[in-house]
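Report on one structure; see the data block that follows.
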Amino acid sequence: MKSIALVAHDGKKAELLAWVQQHAGFFKEKQLYATGTTGRLISEALQLSVHCLASGPLGGDQQIGALIAEQKIDWLVFFWDPLSSQPHDPDVKALIRLAVVWNIPVACNTATADFIVHSTLLQEDYQRSVPDFAAYLGRATG
Ligand SMILES: O=C(CO)COP(=O)(O)O
């Protein structure tokens with residue numbers, strides 16, 4: 001889970017910022033992409049390096065979709081706003097569609113996003129510990 005795309009609609013930006021801040025340590029080691037305004041807010045508020053694409057309504061969602069199709073994104077965090085309509089709704093739908101087509105995890109709320117962070121940390125821990133365990137087994141069985 002090295003490369004993560006972060007996107008939030010205006011009504012969800014504060015929630016995304018707070019959530020990224022809560023997991024700041026996790027995000028420091030990741031390659032981050034974001035739609036324009038979301039990315040600018042994250043990089044300014046949290047001093048994280050973010051590849052900022054165009055703003056969502058100006059094509060940013062489509063750019064992230066293209067990166068997914070090029071298999072450059074491992075995980076999409078997309079806090080879309082279920083309580084407001086978006087002028088670029090077809091782009092929003094297309095982005096979510098491509099994430100499903102390419103079978104990457106998509107988190108649309110903090111509950112799911114937390115789940116994926118915890119699962120990723122466990123997986124990374126496991127991958128770090130398995131070589132030691134294999135070496136131990138090799139020694140133990142001669
Ligand atoms: O509109 C968006 C996603 O559909 C987000 O775009 P911004 O990050 O530029 O606000």
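Residue numbering restarts at 1 for every chain of the structure tokens, chains are lettered A, B, ... in their displayed order, and ligands are numbered from 1 as they appear.
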(request) From chain A, collect each residue whose DSSP state is alpha helix (DSSP H) and return the set as a PyMOL selection string. (result) chain A and resi 13-22+24-28+36-46+60-69+89-101+110-141
(message) I'd like the contact shell of Leu121 of chain A - 10 Å cut-off, only C-alpha atoms, skipping same-chain residues fewer than 6 positions apart - returned as a PyMOL selection string.
(response) chain A and resi 1+26+127
Please save C-alpha atoms of the selected residues as a compact mmCIF listing (two decimals), in the first residue's frame.
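Resulting contents of result.txt:
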```txt
# COMPACT_ATOMS: atom_id res chain seq x y z
CA MET A 1 0.00 0.00 0.00
CA PHE A 26 1.38 6.24 8.41
CA GLN A 127 6.07 -8.95 6.17
```
(request) Would you list the residues that come within 9 Å of ligand 1? Count only C-alpha atoms and all ligand atoms and give the answer as an NGL selection string. (result) :A and (6-10 or 13 or 34-41 or 52-61 or 78-81 or 86-89 or 91-93 or 95)
Given only C-alpha atoms, how would the per-residue table for segment 18-80 of chain A near segment 99-108 of chain A read, listing every residue at most 10 Å away with its closest atom pair and distance in Å to one decimal, sorted by chain and number, as JSON lines?
```
{"residue": "A:Ile64", "atom": "CA", "partner": "A:Ala99", "partner_atom": "CA", "distance": 9.6}
{"residue": "A:Gly65", "atom": "CA", "partner": "A:Ala99", "partner_atom": "CA", "distance": 7.4}
{"residue": "A:Ile68", "atom": "CA", "partner": "A:Ala99", "partner_atom": "CA", "distance": 6.7}
{"residue": "A:Ala69", "atom": "CA", "partner": "A:Trp102", "partner_atom": "CA", "distance": 6.9}
{"residue": "A:Glu70", "atom": "CA", "partner": "A:Trp102", "partner_atom": "CA", "distance": 9.5}
{"residue": "A:Gln71", "atom": "CA", "partner": "A:Trp102", "partner_atom": "CA", "distance": 7.8}
{"residue": "A:Ile73", "atom": "CA", "partner": "A:Ile104", "partner_atom": "CA", "distance": 7.9}
{"residue": "A:Asp74", "atom": "CA", "partner": "A:Ile104", "partner_atom": "CA", "distance": 6.0}
{"residue": "A:Trp75", "atom": "CA", "partner": "A:Pro105", "partner_atom": "CA", "distance": 5.2}
{"residue": "A:Leu76", "atom": "CA", "partner": "A:Val106", "partner_atom": "CA", "distance": 4.8}
{"residue": "A:Val77", "atom": "CA", "partner": "A:Ala107", "partner_atom": "CA", "distance": 4.8}
{"residue": "A:Phe78", "atom": "CA", "partner": "A:Cys108", "partner_atom": "CA", "distance": 5.0}
{"residue": "A:Phe79", "atom": "CA", "partner": "A:Cys108", "partner_atom": "CA", "distance": 4.7}
{"residue": "A:Trp80", "atom": "CA", "partner": "A:Cys108", "partner_atom": "CA", "distance": 6.5}
```
(request) To one decimal in Å, tell me the separation between atom CA of Ser129 of chain A and atom CA of Ala5 of chain A. (result) 27.7 Å
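Coordinates place atom CA of Thr110 of chain A at a distance of 7.0 Å from atom CA of Trp19 of chain A.
The spacing separating atom CA of His118 of chain A from atom CA of Gln21 of chain A amounts to 15.1 Å.
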